[in-house]
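What follows is structure_33.pdb (PDB, C-alpha atoms).
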ATOM      1  CA  MET A   1      24.334  28.073 -19.908  1.00  0.00           C
ATOM      2  CA  SER A   2      21.040  29.146 -21.484  1.00  0.00           C
ATOM      3  CA  THR A   3      18.483  31.159 -19.575  1.00  0.00           C
ATOM      4  CA  ASN A   4      15.844  30.830 -22.263  1.00  0.00           C
ATOM      5  CA  SER A   5      12.694  29.493 -20.577  1.00  0.00           C
ATOM      6  CA  GLU A   6      11.905  27.384 -23.643  1.00  0.00           C
ATOM      7  CA  ASN A   7      15.097  25.289 -23.366  1.00  0.00           C
ATOM      8  CA  GLY A   8      16.344  22.542 -21.097  1.00  0.00           C
ATOM      9  CA  LEU A   9      14.165  21.407 -18.237  1.00  0.00           C
ATOM     10  CA  GLN A  10      11.971  24.476 -18.604  1.00  0.00           C
ATOM     11  CA  SER A  11      10.550  22.823 -21.736  1.00  0.00           C
ATOM     12  CA  LEU A  12       9.705  19.600 -19.880  1.00  0.00           C
ATOM     13  CA  LYS A  13       6.353  17.982 -20.754  1.00  0.00           C
ATOM     14  CA  LEU A  14       4.922  14.477 -20.740  1.00  0.00           C
ATOM     15  CA  HIS A  15       5.714  12.442 -23.849  1.00  0.00           C
ATOM     16  CA  ASN A  16       4.075   9.148 -22.882  1.00  0.00           C
ATOM     17  CA  LEU A  17       3.594   6.678 -20.064  1.00  0.00           C
ATOM     18  CA  ALA A  18       5.342   3.328 -20.581  1.00  0.00           C
ATOM     19  CA  PHE A  19       4.524  -0.004 -18.965  1.00  0.00           C
ATOM     20  CA  THR A  20       5.032  -3.675 -19.667  1.00  0.00           C
ATOM     21  CA  VAL A  21       2.245  -6.097 -20.530  1.00  0.00           C
ATOM     22  CA  SER A  22       2.079  -9.879 -20.596  1.00  0.00           C
ATOM     23  CA  ASN A  23       0.659 -10.022 -24.142  1.00  0.00           C
ATOM     24  CA  LEU A  24       0.926  -7.016 -26.462  1.00  0.00           C
ATOM     25  CA  GLU A  25      -1.882  -8.073 -28.801  1.00  0.00           C
ATOM     26  CA  ASN A  26      -4.291  -8.637 -25.897  1.00  0.00           C
ATOM     27  CA  ALA A  27      -3.317  -5.269 -24.413  1.00  0.00           C
ATOM     28  CA  ILE A  28      -3.891  -3.436 -27.707  1.00  0.00           C
ATOM     29  CA  GLN A  29      -7.305  -5.082 -27.991  1.00  0.00           C
ATOM     30  CA  TRP A  30      -8.281  -4.325 -24.357  1.00  0.00           C
ATOM     31  CA  TYR A  31      -7.233  -0.658 -24.412  1.00  0.00           C
ATOM     32  CA  GLY A  32      -8.946  -0.237 -27.791  1.00  0.00           C
ATOM     33  CA  ASP A  33     -12.205  -1.984 -26.887  1.00  0.00           C
ATOM     34  CA  ILE A  34     -12.538  -0.639 -23.343  1.00  0.00           C
ATOM     35  CA  LEU A  35     -11.040   2.861 -23.506  1.00  0.00           C
ATOM     36  CA  GLY A  36     -10.966   3.651 -27.235  1.00  0.00           C
ATOM     37  CA  PHE A  37      -7.184   3.890 -27.739  1.00  0.00           C
ATOM     38  CA  LYS A  38      -5.778   3.437 -31.268  1.00  0.00           C
ATOM     39  CA  VAL A  39      -2.358   2.134 -32.303  1.00  0.00           C
ATOM     40  CA  VAL A  40      -0.184   4.942 -33.679  1.00  0.00           C
ATOM     41  CA  ASN A  41       3.115   3.057 -33.988  1.00  0.00           C
ATOM     42  CA  ARG A  42       4.558  -0.420 -33.507  1.00  0.00           C
ATOM     43  CA  THR A  43       8.225  -1.296 -33.333  1.00  0.00           C
ATOM     44  CA  THR A  44      10.845  -3.411 -31.602  1.00  0.00           C
ATOM     45  CA  PHE A  45      13.748  -2.457 -29.362  1.00  0.00           C
ATOM     46  CA  PRO A  46      16.236  -5.284 -30.078  1.00  0.00           C
ATOM     47  CA  ALA A  47      18.738  -3.832 -27.594  1.00  0.00           C
ATOM     48  CA  ILE A  48      16.365  -4.599 -24.714  1.00  0.00           C
ATOM     49  CA  GLY A  49      14.443  -7.483 -26.300  1.00  0.00           C
ATOM     50  CA  ALA A  50      11.093  -5.693 -26.362  1.00  0.00           C
ATOM     51  CA  THR A  51       8.222  -5.455 -28.809  1.00  0.00           C
ATOM     52  CA  LEU A  52       6.126  -2.360 -28.314  1.00  0.00           C
ATOM     53  CA  ALA A  53       3.139  -0.384 -29.449  1.00  0.00           C
ATOM     54  CA  PHE A  54       2.310   3.257 -28.929  1.00  0.00           C
ATOM     55  CA  ILE A  55      -1.410   3.783 -28.503  1.00  0.00           C
ATOM     56  CA  GLN A  56      -3.162   7.117 -28.246  1.00  0.00           C
ATOM     57  CA  LYS A  57      -6.486   8.731 -27.490  1.00  0.00           C
ATOM     58  CA  ALA A  58      -6.726  12.510 -27.605  1.00  0.00           C
ATOM     59  CA  ASP A  59      -3.591  13.835 -25.849  1.00  0.00           C
ATOM     60  CA  VAL A  60      -2.888  10.621 -23.915  1.00  0.00           C
ATOM     61  CA  ARG A  61      -0.145   8.443 -25.382  1.00  0.00           C
ATOM     62  CA  LEU A  62       0.767   5.085 -23.843  1.00  0.00           C
ATOM     63  CA  GLU A  63       3.744   2.890 -24.658  1.00  0.00           C
ATOM     64  CA  MET A  64       3.120  -0.793 -24.018  1.00  0.00           C
ATOM     65  CA  LEU A  65       6.104  -3.141 -24.069  1.00  0.00           C
ATOM     66  CA  GLN A  66       6.228  -6.923 -24.100  1.00  0.00           C
ATOM     67  CA  VAL A  67       9.430  -8.773 -23.190  1.00  0.00           C
ATOM     68  CA  SER A  68       9.887 -12.520 -23.437  1.00  0.00           C
ATOM     69  CA  ASP A  69      11.048 -13.088 -19.836  1.00  0.00           C
ATOM     70  CA  GLY A  70       8.601 -10.695 -18.185  1.00  0.00           C
ATOM     71  CA  PHE A  71       7.271 -11.624 -14.764  1.00  0.00           C
ATOM     72  CA  ARG A  72       4.729 -10.341 -12.290  1.00  0.00           C
ATOM     73  CA  ILE A  73       5.487  -9.042  -8.782  1.00  0.00           C
ATOM     74  CA  ASP A  74       2.249  -9.793  -6.959  1.00  0.00           C
ATOM     75  CA  GLU A  75       2.713  -7.131  -4.260  1.00  0.00           C
ATOM     76  CA  LEU A  76       2.420  -4.410  -6.924  1.00  0.00           C
ATOM     77  CA  PHE A  77      -1.062  -5.708  -7.797  1.00  0.00           C
ATOM     78  CA  ALA A  78      -2.508  -6.014  -4.286  1.00  0.00           C
ATOM     79  CA  ASP A  79      -6.073  -4.845  -3.766  1.00  0.00           C
ATOM     80  CA  ALA A  80      -6.469  -1.169  -2.929  1.00  0.00           C
ATOM     81  CA  PRO A  81      -5.342   0.400  -0.659  1.00  0.00           C
ATOM     82  CA  ASN A  82      -2.572  -2.189  -0.092  1.00  0.00           C
ATOM     83  CA  HIS A  83      -1.332  -1.533  -3.627  1.00  0.00           C
ATOM     84  CA  LEU A  84       0.187   1.679  -2.203  1.00  0.00           C
ATOM     85  CA  LEU A  85       2.583  -0.170   0.126  1.00  0.00           C
ATOM     86  CA  PRO A  86       5.310  -1.188  -2.388  1.00  0.00           C
ATOM     87  CA  HIS A  87       7.276   1.765  -3.752  1.00  0.00           C
ATOM     88  CA  GLY A  88       6.881   2.399  -7.479  1.00  0.00           C
ATOM     89  CA  ASN A  89       4.286   3.306 -10.073  1.00  0.00           C
ATOM     90  CA  LYS A  90       0.690   2.859  -8.946  1.00  0.00           C
ATOM     91  CA  SER A  91      -1.813   3.681 -11.653  1.00  0.00           C
ATOM     92  CA  LEU A  92      -2.571   5.385 -14.902  1.00  0.00           C
ATOM     93  CA  VAL A  93      -4.768   8.357 -13.984  1.00  0.00           C
ATOM     94  CA  LEU A  94      -7.224   9.635 -16.585  1.00  0.00           C
ATOM     95  CA  GLN A  95     -10.051  12.142 -16.536  1.00  0.00           C
ATOM     96  CA  VAL A  96     -13.499  12.279 -18.141  1.00  0.00           C
ATOM     97  CA  ASN A  97     -16.234  14.913 -18.347  1.00  0.00           C
ATOM     98  CA  ASP A  98     -18.862  12.720 -16.643  1.00  0.00           C
ATOM     99  CA  LEU A  99     -17.619  10.059 -14.226  1.00  0.00           C
ATOM    100  CA  HIS A 100     -21.010   8.470 -13.652  1.00  0.00           C
ATOM    101  CA  SER A 101     -21.593   7.931 -17.382  1.00  0.00           C
ATOM    102  CA  ALA A 102     -18.067   6.566 -17.817  1.00  0.00           C
ATOM    103  CA  THR A 103     -18.565   4.172 -14.896  1.00  0.00           C
ATOM    104  CA  LEU A 104     -21.801   2.892 -16.432  1.00  0.00           C
ATOM    105  CA  GLU A 105     -20.031   2.341 -19.782  1.00  0.00           C
ATOM    106  CA  LEU A 106     -17.256   0.413 -18.028  1.00  0.00           C
ATOM    107  CA  GLU A 107     -19.840  -1.732 -16.227  1.00  0.00           C
ATOM    108  CA  GLU A 108     -21.426  -2.574 -19.590  1.00  0.00           C
ATOM    109  CA  LYS A 109     -18.000  -3.612 -20.897  1.00  0.00           C
ATOM    110  CA  GLY A 110     -17.518  -5.977 -17.943  1.00  0.00           C
ATOM    111  CA  VAL A 111     -14.246  -4.553 -16.626  1.00  0.00           C
ATOM    112  CA  THR A 112     -12.847  -5.446 -13.209  1.00  0.00           C
ATOM    113  CA  PHE A 113     -13.444  -2.636 -10.719  1.00  0.00           C
ATOM    114  CA  ALA A 114     -11.315  -1.751  -7.703  1.00  0.00           C
ATOM    115  CA  TRP A 115     -14.023   0.789  -6.788  1.00  0.00           C
ATOM    116  CA  LYS A 116     -16.802   2.805  -8.358  1.00  0.00           C
ATOM    117  CA  GLU A 117     -17.320   6.531  -7.822  1.00  0.00           C
ATOM    118  CA  VAL A 118     -15.548   6.718  -4.452  1.00  0.00           C
ATOM    119  CA  ASP A 119     -14.810  10.101  -2.817  1.00  0.00           C
ATOM    120  CA  LEU A 120     -11.112   9.549  -2.126  1.00  0.00           C
ATOM    121  CA  SER A 121     -10.422  12.802  -0.290  1.00  0.00           C
ATOM    122  CA  GLY A 122     -13.740  13.423   1.408  1.00  0.00           C
ATOM    123  CA  ASN A 123     -13.929  16.700  -0.546  1.00  0.00           C
ATOM    124  CA  GLY A 124     -16.008  15.559  -3.509  1.00  0.00           C
ATOM    125  CA  ASN A 125     -13.076  14.187  -5.536  1.00  0.00           C
ATOM    126  CA  PHE A 126     -14.800  11.063  -6.832  1.00  0.00           C
ATOM    127  CA  SER A 127     -12.991   8.437  -8.856  1.00  0.00           C
ATOM    128  CA  THR A 128     -13.630   5.065 -10.389  1.00  0.00           C
ATOM    129  CA  MET A 129     -10.689   2.669 -10.507  1.00  0.00           C
ATOM    130  CA  ILE A 130     -10.498  -0.357 -12.795  1.00  0.00           C
ATOM    131  CA  ARG A 131      -7.904  -2.982 -13.661  1.00  0.00           C
ATOM    132  CA  ASP A 132      -6.684  -3.710 -17.174  1.00  0.00           C
ATOM    133  CA  MET A 133      -6.217  -7.238 -18.546  1.00  0.00           C
ATOM    134  CA  ASP A 134      -2.949  -7.652 -16.577  1.00  0.00           C
ATOM    135  CA  GLY A 135      -4.291  -6.170 -13.341  1.00  0.00           C
ATOM    136  CA  ASN A 136      -2.758  -2.690 -13.708  1.00  0.00           C
ATOM    137  CA  PHE A 137      -4.815   0.026 -12.055  1.00  0.00           C
ATOM    138  CA  ILE A 138      -6.475   2.779 -14.108  1.00  0.00           C
ATOM    139  CA  ASN A 139      -7.942   5.542 -11.950  1.00  0.00           C
ATOM    140  CA  ILE A 140     -10.533   7.800 -13.611  1.00  0.00           C
ATOM    141  CA  PHE A 141     -11.566  11.187 -12.210  1.00  0.00           C
ATOM    142  CA  GLN A 142     -14.166  13.648 -13.426  1.00  0.00           C
ATOM    143  CA  SER A 143     -12.326  16.540 -15.106  1.00  0.00           C
ATOM    144  CA  ASP A 144     -13.942  19.369 -13.136  1.00  0.00           C
ATOM    145  CA  LEU A 145     -13.068  17.526  -9.922  1.00  0.00           C
ATOM    146  CA  VAL A 146      -9.420  17.072 -10.901  1.00  0.00           C
ATOM    147  CA  GLU A 147      -8.944  20.828 -10.503  1.00  0.00           C
ATOM    148  CA  LYS A 148      -9.801  20.480  -6.800  1.00  0.00           C
ATOM    149  CA  LEU A 149      -6.890  18.064  -6.351  1.00  0.00           C
ATOM    150  CA  GLY A 150      -4.269  20.375  -7.850  1.00  0.00           C
TER     151      GLY A 150
END
Is it possible to give me this structure as structure tokens?
Amino acid sequence: MSTNSENGLQSLKLHNLAFTVSNLENAIQWYGDILGFKVVNRTTFPAIGATLAFIQKADVRLEMLQVSDGFRIDELFADAPNHLLPHGNKSLVLQVNDLHSATLELEEKGVTFAWKEVDLSGNGNFSTMIRDMDGNFINIFQSDLVEKLG
């Protein structure tokens, strides 16, 4: 058994966030046009019947998968805060340097908002939450405010 802090679970770090989409091409377009992500790899996983694309912006890498028999569970996409009731993944959480400017840019792009610049904790931790083309939540915090959450 190794005690080296660089091995095993001690070396754990985020590789990517994976989620399914209803239409891979539409998802690539939406995440590119709205958030500026670029495709870094495309492939298929025949063993699970999925086509996928890795997209990336800065240090954030997302893996989007499309499967032919995919289906939607409406309770997972309820309006906030009811989206928190079903157990499971809730949102992609990103950070920006200036939340107000980012919110204005998103307004110009015509995205669907769950909320704009809401203080979620009552301690100045403002966020804007949007939905992607499939209704998945993307929560955006201002980077200097994220430190207050930790």
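Remark: for A:Phe77, the closest of the candidate residues A:Asn136, A:Gln29, A:Ser127, A:Thr20 is A:Asn136 (distances computed over only C-alpha atoms).
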Q.
Counting only C-alpha atoms, which residue out of A:Leu35, A:Leu62, A:Leu14, A:Leu76 sits closest to A:Val96?
A.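 Closest to A:Val96 of all the choices is A:Leu35.
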* For the point (-5.5, 10.8, -25.7) in file coordinates, what residues are within 10 Å, counting all atoms listed in the file? Give the answer as a VMD selection string? -> chain A and resid 35 to 38 55 to 62 94
Radius query 10 Å about (-6.3, -9.9, -14.2), atoms used: all atoms listed in the file, as JSON, numbers by chain | {"A": [77, 111, 112, 131, 132, 133, 134, 135, 136]}
How would the residues just picked look written out with C-alpha atoms as a CSV table (one decimal), in the frame of the given file?
chain,number,residue,atom,x,y,z
A,77,PHE,CA,-1.1,-5.7,-7.8
A,111,VAL,CA,-14.2,-4.6,-16.6
A,112,THR,CA,-12.8,-5.4,-13.2
A,131,ARG,CA,-7.9,-3.0,-13.7
A,132,ASP,CA,-6.7,-3.7,-17.2
A,133,MET,CA,-6.2,-7.2,-18.5
A,134,ASP,CA,-2.9,-7.7,-16.6
A,135,GLY,CA,-4.3,-6.2,-13.3
A,136,ASN,CA,-2.8,-2.7,-13.7
query: So which residues get picked by the PyMOL selection byres ((chain A and resi 137-139) around 6) here, written as a VMD selection string?
result: chain A and resid 91 to 93 128 to 131 136 140
*asked:* I want to know what sits within 12 Å of stretch 51-54 of chain A, based on only C-alpha atoms, with residues of the same chain fewer than 5 positions away left out; could you give that as a PyMOL selection string?
replied: chain A and resi 15-29+31-32+37-46+60-68+70
Quick one, how far is atom CA of A:His100 from atom CA of A:Ala78?
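Computed distance, atom CA of A:His100 to atom CA of A:Ala78, equals 25.3 Å.
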Fill in: Straight-line distance linking atom CA of A:Glu75 with atom CA of A:Ala114, stated in Å to one decimal
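Here the two named atoms are 15.4 Å from each other.
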What separates atom CA of A:Ile34 and atom CA of A:Asn89 is a distance of 21.8 Å
